[in-house]
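Working notes, beginning with the structure itself.
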Amino acid sequence: MGVRDYALTRLAKDVVELVEALGFRRCVLVAHDWGAAVAWHVAHRYPGIVVGLFNLSIPHPKVSEKMMTVGQLRKSWYMFAFQLPMLGEIIMAELFPGIFSGPPEGGMAIRDPERSAEFAREKYGYFEDAFRRPGAVVAIVNYYRALIRNMVGISLGSKEEDREMKRALWRKLDIPVMLIGGENDGAIAPKPLLSCQEMYHQRPNELVTCEIVPNCSHWVQHDVPDLVDSRLTTFLSKF
């Protein structure tokens, strides 16, 4: 699979086809990080299928674009470095061991030492095994390579699918949305999660709920699993 196979337009279509293959006509999307980025695009592009959106750590793409700062660019340095052939794979191979259990000051690792140790003991091996599979590193980096190209493509409307996604992102949502982020997220500044909901939603005061969790990293579902589970249970009870 090449870079183009990881374009947001294709990934969004993959999600819809998966929902349909499972025999459903409607769904609530629950997602984090890359999944959350894709989920935003699915909700806009296929409004008849997504009835609710529960996203962790990733703000709406239009808000992210509007509120881009030097600080966020610094946090996102690796996304630009990943664009370089071969160097991206080398950087990812170096970064991977510390993504979950590195120094908590950076905001990427799980902040609670006990939970970090538990994750390393019980779950890290599964991720490491997947990471070591042939082609896995290239596939991971291709998500980032495709993102930059896809953002440019959607902005310019160079292809019909990009033009349709651009139109879709301008159509405001009218579904329940719950956003949760970590105050100490080392990858994504939390402020955009709380801001400019009127840019993408018809009724933000009624249907959009945002929460920034103190002393919490990018991995909110690992740092505060009980809180996330509670919020998710309450959110799903609406449907």
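Here's how to read the names in the structure tokens: chain A, B, ... by the order shown, residue numbers from 1 in each chain, ligand numbers from 1 in the order shown.
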What lies within 7 Å of segment 81-84 of chain A using only C-alpha atoms, ignoring chain neighbours under 2 positions off, as a CSV table (one decimal) with N, CA and C atoms, in the first residue's frame?
```csv
chain,number,residue,atom,x,y,z
A,77,TRP,N,6.5,18.8,15.1
A,77,TRP,CA,7.7,18.8,14.3
A,77,TRP,C,7.9,17.4,13.6
A,78,TYR,N,7.5,16.4,14.3
A,78,TYR,CA,7.7,15.0,13.8
A,78,TYR,C,6.9,14.8,12.5
A,79,MET,N,5.7,15.4,12.5
A,79,MET,CA,4.8,15.2,11.3
A,79,MET,C,5.5,15.7,10.0
A,86,MET,N,12.8,7.8,4.0
A,86,MET,CA,13.7,7.0,4.9
A,86,MET,C,13.9,7.7,6.2
A,87,LEU,N,14.2,9.0,6.3
A,87,LEU,CA,14.4,9.6,7.5
A,87,LEU,C,13.1,9.5,8.4
A,88,GLY,N,12.0,9.6,7.8
A,88,GLY,CA,10.7,9.4,8.6
A,88,GLY,C,10.7,8.0,9.3
A,141,VAL,N,4.2,5.7,9.2
A,141,VAL,CA,4.6,7.0,8.7
A,141,VAL,C,3.8,7.5,7.5
A,144,TYR,N,1.0,10.0,8.2
A,144,TYR,CA,1.4,11.4,8.3
A,144,TYR,C,1.8,12.0,7.0
A,145,ARG,N,2.4,11.2,6.1
A,145,ARG,CA,2.7,11.7,4.8
A,145,ARG,C,1.4,12.0,4.0
```
Requested in this report: Would you please give, as a list in words, all residues of segment 199-232 of chain A that DSSP assigns to alpha helix (DSSP H) based on the backbone?
Outcome: Pro204, Asn205, Glu206, Leu207, Val220, Gln221, His222, Asp223, Pro225, Asp226, Leu227, Val228, Asp229, Ser230, Arg231 and Leu232 of chain A
**Report entry** atom CA of Lys159 of chain A to atom CA of Ile175 of chain A, straight-line distance in Å
**Finding:** 28.1 Å
Query - Top pick for closest residue to Gly182 of chain A, considering A:Asp33, A:Ala43, A:Gln202, A:Leu236 and counting only C-alpha atoms - result: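 Among the listed residues, A:Asp33 lies closest to Gly182 of chain A.
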When you look at segment 53-69 of chain A with a cut-off of 6 Å (counting only C-alpha atoms), what residues show up, excluding the ones that are within fewer than 3 positions of it in the same chain? I need them as a JSON list (two decimals) with N, CA, C and O atoms, in the first residue's frame.
```
[["chain", "number", "residue", "atom", "x", "y", "z"],
["A", 28, "VAL", "N", -22.42, 5.36, 16.07],
["A", 28, "VAL", "CA", -21.75, 6.37, 16.89],
["A", 28, "VAL", "C", -20.26, 6.07, 16.79],
["A", 28, "VAL", "O", -19.84, 4.94, 17.05],
["A", 29, "LEU", "N", -19.48, 7.04, 16.41],
["A", 29, "LEU", "CA", -18.04, 6.84, 16.28],
["A", 29, "LEU", "C", -17.34, 7.24, 17.58],
["A", 29, "LEU", "O", -17.57, 8.32, 18.13],
["A", 30, "VAL", "N", -16.50, 6.34, 18.08],
["A", 30, "VAL", "CA", -15.70, 6.58, 19.27],
["A", 30, "VAL", "C", -14.24, 6.43, 18.85],
["A", 30, "VAL", "O", -13.84, 5.36, 18.38],
["A", 31, "ALA", "N", -13.45, 7.49, 19.00],
["A", 31, "ALA", "CA", -12.13, 7.46, 18.39],
["A", 31, "ALA", "C", -11.11, 8.30, 19.16],
["A", 31, "ALA", "O", -11.47, 9.20, 19.91],
["A", 32, "HIS", "N", -9.84, 7.97, 18.92],
["A", 32, "HIS", "CA", -8.72, 8.70, 19.53],
["A", 32, "HIS", "C", -7.64, 8.93, 18.49],
["A", 32, "HIS", "O", -7.41, 8.08, 17.63],
["A", 33, "ASP", "N", -7.00, 10.09, 18.56],
["A", 33, "ASP", "CA", -5.84, 10.41, 17.74],
["A", 33, "ASP", "C", -6.15, 10.22, 16.25],
["A", 33, "ASP", "O", -7.04, 10.88, 15.73],
["A", 36, "ALA", "N", -9.65, 9.63, 15.56],
["A", 36, "ALA", "CA", -10.48, 10.82, 15.75],
["A", 36, "ALA", "C", -10.39, 11.75, 14.54],
["A", 36, "ALA", "O", -11.39, 12.35, 14.13],
["A", 72, "GLN", "N", 2.11, 24.97, 18.61],
["A", 72, "GLN", "CA", 1.58, 23.74, 18.03],
["A", 72, "GLN", "C", 2.51, 23.22, 16.93],
["A", 72, "GLN", "O", 2.71, 22.02, 16.80],
["A", 177, "VAL", "N", -21.78, 15.70, 20.09],
["A", 177, "VAL", "CA", -20.32, 15.56, 20.01],
["A", 177, "VAL", "C", -19.75, 15.71, 21.41],
["A", 177, "VAL", "O", -20.09, 16.64, 22.13],
["A", 178, "MET", "N", -18.87, 14.77, 21.78],
["A", 178, "MET", "CA", -18.15, 14.86, 23.05],
["A", 178, "MET", "C", -16.66, 14.84, 22.77],
["A", 178, "MET", "O", -16.16, 13.96, 22.04],
["A", 179, "LEU", "N", -15.93, 15.82, 23.32],
["A", 179, "LEU", "CA", -14.48, 15.92, 23.11],
["A", 179, "LEU", "C", -13.77, 15.91, 24.46],
["A", 179, "LEU", "O", -14.17, 16.63, 25.38],
["A", 180, "ILE", "N", -12.75, 15.08, 24.59],
["A", 180, "ILE", "CA", -11.95, 15.02, 25.81],
["A", 180, "ILE", "C", -10.48, 15.11, 25.43],
["A", 180, "ILE", "O", -10.03, 14.41, 24.52],
["A", 181, "GLY", "N", -9.73, 15.95, 26.13],
["A", 181, "GLY", "CA", -8.30, 16.07, 25.87],
["A", 181, "GLY", "C", -7.52, 16.17, 27.15],
["A", 181, "GLY", "O", -8.07, 16.44, 28.22],
["A", 192, "PRO", "N", -7.71, 24.28, 21.33],
["A", 192, "PRO", "CA", -8.65, 24.19, 20.20],
["A", 192, "PRO", "C", -9.84, 23.27, 20.45],
["A", 192, "PRO", "O", -10.88, 23.41, 19.80],
["A", 193, "LEU", "N", -9.71, 22.32, 21.38],
["A", 193, "LEU", "CA", -10.85, 21.45, 21.69],
["A", 193, "LEU", "C", -12.00, 22.26, 22.27],
["A", 193, "LEU", "O", -13.18, 21.91, 22.07]]
```
Requested in this report: Kindly indicate which residue among A:Ile154, A:Leu173, A:Val224, A:Ala12 lies nearest to Pro47 of chain A, using only C-alpha atoms for the distances.
Outcome: A:Leu173
Query raised in the report: Between A:Cys196, A:Asp162, A:Tyr46, A:Gly186, which one has atoms that come closest to Arg149 of chain A, using only C-alpha atoms?
Result: A:Asp162
Query raised in the report: Of the candidates A:Gly2, A:Gly135, A:Pro176, A:Gly125, which shows the shortest atom-to-atom distance to Asn205 of chain A, using only C-alpha atoms?
Result: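 Smallest distance to Asn205 of chain A is found for A:Pro176.
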Report task. As number ranges by chain, please: all residues of segment 34-239 of chain A that backbone DSSP puts in strand (DSSP E or B). Result -> A: 50-56, 173, 177-182, 201, 208-213
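Between atom CA of Ala39 of chain A and atom CA of Phe24 of chain A there is a distance of 16.7 Å.
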Query raised in the report: What is the atom CA of Asp129 of chain A to atom CA of Gly35 of chain A distance in Å?
Result: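 A separation of 20.6 Å between them.
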**Report entry** Nearest to Glu118 of chain A, chosen from A:Asp223, A:Asp5, A:Asp185, A:Asp14, with only C-alpha atoms counted in the distances
**Finding:** A:Asp223
